[in-house]
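Chemist: As input, take entry.cif (mmCIF, C-alpha atoms):
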```cif
data_entry
loop_
_atom_site.group_PDB
_atom_site.id
_atom_site.type_symbol
_atom_site.label_atom_id
_atom_site.label_comp_id
_atom_site.auth_asym_id
_atom_site.auth_seq_id
_atom_site.Cartn_x
_atom_site.Cartn_y
_atom_site.Cartn_z
ATOM 1 C CA MET A 1 -8.991 -18.265 19.548
ATOM 2 C CA ASN A 2 -8.824 -14.744 18.228
ATOM 3 C CA HIS A 3 -12.505 -13.790 18.116
ATOM 4 C CA ASN A 4 -13.462 -10.100 18.449
ATOM 5 C CA LYS A 5 -9.878 -8.840 18.585
ATOM 6 C CA SER A 6 -9.620 -5.560 16.730
ATOM 7 C CA TYR A 7 -5.835 -5.259 16.455
ATOM 8 C CA ARG A 8 -2.639 -7.286 16.290
ATOM 9 C CA LYS A 9 -0.178 -7.060 19.170
ATOM 10 C CA LEU A 10 2.877 -7.678 16.966
ATOM 11 C CA GLY A 11 4.829 -9.100 19.895
ATOM 12 C CA ARG A 12 5.313 -5.711 21.558
ATOM 13 C CA ARG A 13 4.052 -3.788 24.532
ATOM 14 C CA THR A 14 1.422 -1.126 23.866
ATOM 15 C CA GLU A 15 3.752 1.885 23.989
ATOM 16 C CA HIS A 16 6.316 0.253 21.736
ATOM 17 C CA ARG A 17 3.702 -0.930 19.252
ATOM 18 C CA LEU A 18 2.041 2.484 18.994
ATOM 19 C CA ALA A 19 5.401 4.238 18.618
ATOM 20 C CA MET A 20 6.409 1.801 15.886
ATOM 21 C CA LEU A 21 3.142 2.281 14.006
ATOM 22 C CA MET A 22 3.407 6.053 14.383
ATOM 23 C CA ASN A 23 6.915 6.010 12.902
ATOM 24 C CA MET A 24 5.823 3.714 10.094
ATOM 25 C CA THR A 25 2.880 6.014 9.315
ATOM 26 C CA ILE A 26 5.248 8.987 9.129
ATOM 27 C CA SER A 27 7.556 7.057 6.797
ATOM 28 C CA LEU A 28 4.645 5.987 4.603
ATOM 29 C CA LEU A 29 3.290 9.529 4.293
ATOM 30 C CA ASP A 30 6.752 10.969 3.596
ATOM 31 C CA ASN A 31 7.909 8.359 1.075
ATOM 32 C CA GLU A 32 4.456 7.185 -0.104
ATOM 33 C CA ARG A 33 5.801 3.615 -0.220
ATOM 34 C CA ILE A 34 7.604 1.388 2.311
ATOM 35 C CA GLU A 35 8.520 -2.285 2.602
ATOM 36 C CA THR A 36 7.643 -4.192 5.769
ATOM 37 C CA THR A 37 6.149 -7.496 6.870
ATOM 38 C CA ILE A 38 2.617 -8.382 5.846
ATOM 39 C CA THR A 39 1.190 -8.293 9.377
ATOM 40 C CA ARG A 40 2.730 -4.890 10.076
ATOM 41 C CA ALA A 41 1.435 -3.593 6.755
ATOM 42 C CA LYS A 42 -2.087 -4.768 7.511
ATOM 43 C CA GLU A 43 -1.990 -3.059 10.891
ATOM 44 C CA LEU A 44 -0.388 0.083 9.452
ATOM 45 C CA ARG A 45 -3.175 0.393 6.886
ATOM 46 C CA LYS A 46 -5.652 1.338 9.644
ATOM 47 C CA PHE A 47 -3.514 4.212 10.889
ATOM 48 C CA ALA A 48 -2.603 5.528 7.431
ATOM 49 C CA ASP A 49 -6.204 5.512 6.227
ATOM 50 C CA ARG A 50 -7.272 7.346 9.359
ATOM 51 C CA MET A 51 -4.665 10.057 8.749
ATOM 52 C CA VAL A 52 -5.758 10.539 5.132
ATOM 53 C CA THR A 53 -9.378 10.797 6.279
ATOM 54 C CA LEU A 54 -8.371 13.513 8.743
ATOM 55 C CA GLY A 55 -6.537 15.274 5.936
ATOM 56 C CA LYS A 56 -9.645 15.221 3.762
ATOM 57 C CA LYS A 57 -11.666 17.022 6.451
ATOM 58 C CA ASN A 58 -9.119 19.867 6.447
ATOM 59 C CA THR A 59 -10.349 21.597 9.587
ATOM 60 C CA LEU A 60 -8.317 22.993 12.439
ATOM 61 C CA ALA A 61 -9.496 20.191 14.715
ATOM 62 C CA SER A 62 -8.496 17.491 12.232
ATOM 63 C CA ARG A 63 -5.110 19.159 11.709
ATOM 64 C CA ARG A 64 -4.537 19.132 15.477
ATOM 65 C CA GLN A 65 -5.574 15.472 15.717
ATOM 66 C CA ALA A 66 -3.171 14.552 12.932
ATOM 67 C CA PHE A 67 -0.367 16.506 14.583
ATOM 68 C CA ALA A 68 -1.088 14.839 17.939
ATOM 69 C CA PHE A 69 -0.426 11.474 16.311
ATOM 70 C CA LEU A 70 2.295 12.314 13.773
ATOM 71 C CA ARG A 71 4.188 15.018 15.732
ATOM 72 C CA GLN A 72 6.027 16.362 12.674
ATOM 73 C CA ASP A 73 5.163 19.669 11.032
ATOM 74 C CA ALA A 74 6.517 18.698 7.624
ATOM 75 C CA THR A 75 4.566 15.442 7.488
ATOM 76 C CA VAL A 76 1.320 17.103 8.579
ATOM 77 C CA ALA A 77 1.828 19.848 5.993
ATOM 78 C CA LYS A 78 2.427 17.251 3.259
ATOM 79 C CA LEU A 79 -0.617 15.276 4.372
ATOM 80 C CA PHE A 80 -2.966 18.262 4.220
ATOM 81 C CA GLY A 81 -1.330 19.985 1.242
ATOM 82 C CA GLU A 82 -0.434 17.181 -1.187
ATOM 83 C CA ILE A 83 -1.759 13.780 -0.149
ATOM 84 C CA ALA A 84 -5.329 14.411 1.059
ATOM 85 C CA PRO A 85 -6.466 16.519 -1.938
ATOM 86 C CA ARG A 86 -5.719 13.540 -4.219
ATOM 87 C CA TYR A 87 -8.400 11.472 -2.497
ATOM 88 C CA THR A 88 -11.342 13.888 -2.393
ATOM 89 C CA GLU A 89 -13.463 11.636 -4.634
ATOM 90 C CA ARG A 90 -12.377 8.378 -2.960
ATOM 91 C CA ASN A 91 -14.310 6.928 -0.013
ATOM 92 C CA GLY A 92 -11.580 4.904 1.661
ATOM 93 C CA GLY A 93 -8.997 2.356 0.660
ATOM 94 C CA TYR A 94 -6.126 4.797 0.316
ATOM 95 C CA THR A 95 -3.392 2.168 0.654
ATOM 96 C CA ARG A 96 -2.383 -0.887 -1.354
ATOM 97 C CA ILE A 97 -0.508 -3.918 0.000
ATOM 98 C CA ILE A 98 1.566 -5.926 -2.476
ATOM 99 C CA LYS A 99 3.167 -9.183 -1.323
ATOM 100 C CA THR A 100 6.777 -9.353 -2.456
ATOM 101 C CA SER A 101 9.061 -12.053 -1.079
ATOM 102 C CA VAL A 102 10.344 -13.817 2.020
ATOM 103 C CA ARG A 103 12.956 -12.204 4.246
ATOM 104 C CA LYS A 104 16.160 -14.222 4.237
ATOM 105 C CA GLY A 105 16.954 -14.011 7.957
ATOM 106 C CA ASP A 106 13.736 -15.252 9.519
ATOM 107 C CA SER A 107 11.542 -16.214 6.536
ATOM 108 C CA ALA A 108 9.006 -13.493 7.312
ATOM 109 C CA GLU A 109 6.662 -12.704 4.440
ATOM 110 C CA MET A 110 7.411 -9.204 3.161
ATOM 111 C CA ALA A 111 5.091 -6.715 1.496
ATOM 112 C CA ILE A 112 5.144 -3.245 0.038
ATOM 113 C CA ILE A 113 2.524 -0.844 1.318
ATOM 114 C CA GLU A 114 1.925 2.251 -0.756
ATOM 115 C CA LEU A 115 -0.546 5.046 -1.204
ATOM 116 C CA VAL A 116 -2.888 4.397 -4.125
#
```
As structure tokens, please, write out the structure in this file.

Modeler:
Amino acid sequence: MNHNKSYRKLGRRTEHRLAMLMNMTISLLDNERIETTITRAKELRKFADRMVTLGKKNTLASRRQAFAFLRQDATVAKLFGEIAPRYTERNGGYTRIIKTSVRKGDSAEMAIIELV
């Protein structure tokens, strides 16, 4: 059973999973829309929403926390300069997941995750 589990392991070790989600978060913030599997998109939503919430605070501490996770100056600058100001009136739910199709190779359900 999967009671009281707060995250999906995605078949990877902790370091690999966190690195993958970090890279996917960077790609989502840079492109504002990516295509991935549904389970990865659902897990990515937590990290992306957390980054936008940090961007809305717009303090030095929140900027340092975002940089500690994202590790790219350009992405952090875009997050605080362009993306976060769009969501000042919104209290969460910054991403949208749209189911698209099935991947041909392994029949994995695919989805598009985008910023609202």

Chemist: Which residue, A:Lys5, A:Arg64, A:Arg40, A:Arg12, has the smallest gap to Glu109 (chain A) when you use all atoms listed in the file?

Modeler: A:Arg40

Chemist: Check the smallest atom-to-atom distance from each of A:Val102, A:Met110, A:Ala61, A:Ala84 to Glu35 (chain A) using all atoms listed in the file, then report the winner.

Modeler: A:Met110

Chemist: Tell me, as a count of residues only, which residues lie within 8 Å of region 92-95 of chain A, counting only C-alpha atoms; anything in the same chain fewer than 2 positions away does not count.

Modeler: 12

Chemist: Please measure the separation of CA of Leu21 (chain A) and CA of Ala66 (chain A), giving the value in Å to one decimal.

Modeler: 13.8 Å

Chemist: Find the distance between CA of Phe80 (chain A) and CA of Arg17 (chain A) and write it in Å to one decimal.

Modeler: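 Going from CA of Phe80 (chain A) over to CA of Arg17 (chain A) covers 25.3 Å.
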
Chemist: Expressed in Å to a single decimal, how great is the separation between CA of Gly81 (chain A) and CA of Thr36 (chain A)?

Modeler: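 Spanning CA of Gly81 (chain A) to CA of Thr36 (chain A) is a straight-line distance of 26.2 Å.
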
Chemist: Care to translate the PyMOL selection byres ((chain A and resi 77) around 12) into actual residues of this file, as a PDB file with C-alpha atoms, keeping the file's coordinate frame?

Modeler:
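Result saved to part-v3.pdb:
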```
ATOM      1  CA  ILE A  26       5.248   8.987   9.129  1.00  0.00           C
ATOM      2  CA  LEU A  29       3.290   9.529   4.293  1.00  0.00           C
ATOM      3  CA  ASP A  30       6.752  10.969   3.596  1.00  0.00           C
ATOM      4  CA  GLY A  55      -6.537  15.274   5.936  1.00  0.00           C
ATOM      5  CA  ASN A  58      -9.119  19.867   6.447  1.00  0.00           C
ATOM      6  CA  ARG A  63      -5.110  19.159  11.709  1.00  0.00           C
ATOM      7  CA  ARG A  64      -4.537  19.132  15.477  1.00  0.00           C
ATOM      8  CA  ALA A  66      -3.171  14.552  12.932  1.00  0.00           C
ATOM      9  CA  PHE A  67      -0.367  16.506  14.583  1.00  0.00           C
ATOM     10  CA  LEU A  70       2.295  12.314  13.773  1.00  0.00           C
ATOM     11  CA  ARG A  71       4.188  15.018  15.732  1.00  0.00           C
ATOM     12  CA  GLN A  72       6.027  16.362  12.674  1.00  0.00           C
ATOM     13  CA  ASP A  73       5.163  19.669  11.032  1.00  0.00           C
ATOM     14  CA  ALA A  74       6.517  18.698   7.624  1.00  0.00           C
ATOM     15  CA  THR A  75       4.566  15.442   7.488  1.00  0.00           C
ATOM     16  CA  VAL A  76       1.320  17.103   8.579  1.00  0.00           C
ATOM     17  CA  LYS A  78       2.427  17.251   3.259  1.00  0.00           C
ATOM     18  CA  LEU A  79      -0.617  15.276   4.372  1.00  0.00           C
ATOM     19  CA  PHE A  80      -2.966  18.262   4.220  1.00  0.00           C
ATOM     20  CA  GLY A  81      -1.330  19.985   1.242  1.00  0.00           C
ATOM     21  CA  GLU A  82      -0.434  17.181  -1.187  1.00  0.00           C
ATOM     22  CA  ILE A  83      -1.759  13.780  -0.149  1.00  0.00           C
ATOM     23  CA  ALA A  84      -5.329  14.411   1.059  1.00  0.00           C
ATOM     24  CA  PRO A  85      -6.466  16.519  -1.938  1.00  0.00           C
TER      25      PRO A  85
END
```

Chemist: List the neighbours of Ala108 (chain A) out to 12 Å using only C-alpha atoms; skip same-chain residues closer than 5 positions along the sequence, and give me the result as a PDB file with C-alpha atoms, in the frame of the given file.

Modeler:
```pdb
ATOM      1  CA  THR A  36       7.643  -4.192   5.769  1.00  0.00           C
ATOM      2  CA  THR A  37       6.149  -7.496   6.870  1.00  0.00           C
ATOM      3  CA  ILE A  38       2.617  -8.382   5.846  1.00  0.00           C
ATOM      4  CA  THR A  39       1.190  -8.293   9.377  1.00  0.00           C
ATOM      5  CA  ARG A  40       2.730  -4.890  10.076  1.00  0.00           C
ATOM      6  CA  LYS A  99       3.167  -9.183  -1.323  1.00  0.00           C
ATOM      7  CA  THR A 100       6.777  -9.353  -2.456  1.00  0.00           C
ATOM      8  CA  SER A 101       9.061 -12.053  -1.079  1.00  0.00           C
ATOM      9  CA  VAL A 102      10.344 -13.817   2.020  1.00  0.00           C
ATOM     10  CA  ARG A 103      12.956 -12.204   4.246  1.00  0.00           C
TER      11      ARG A 103
END
```
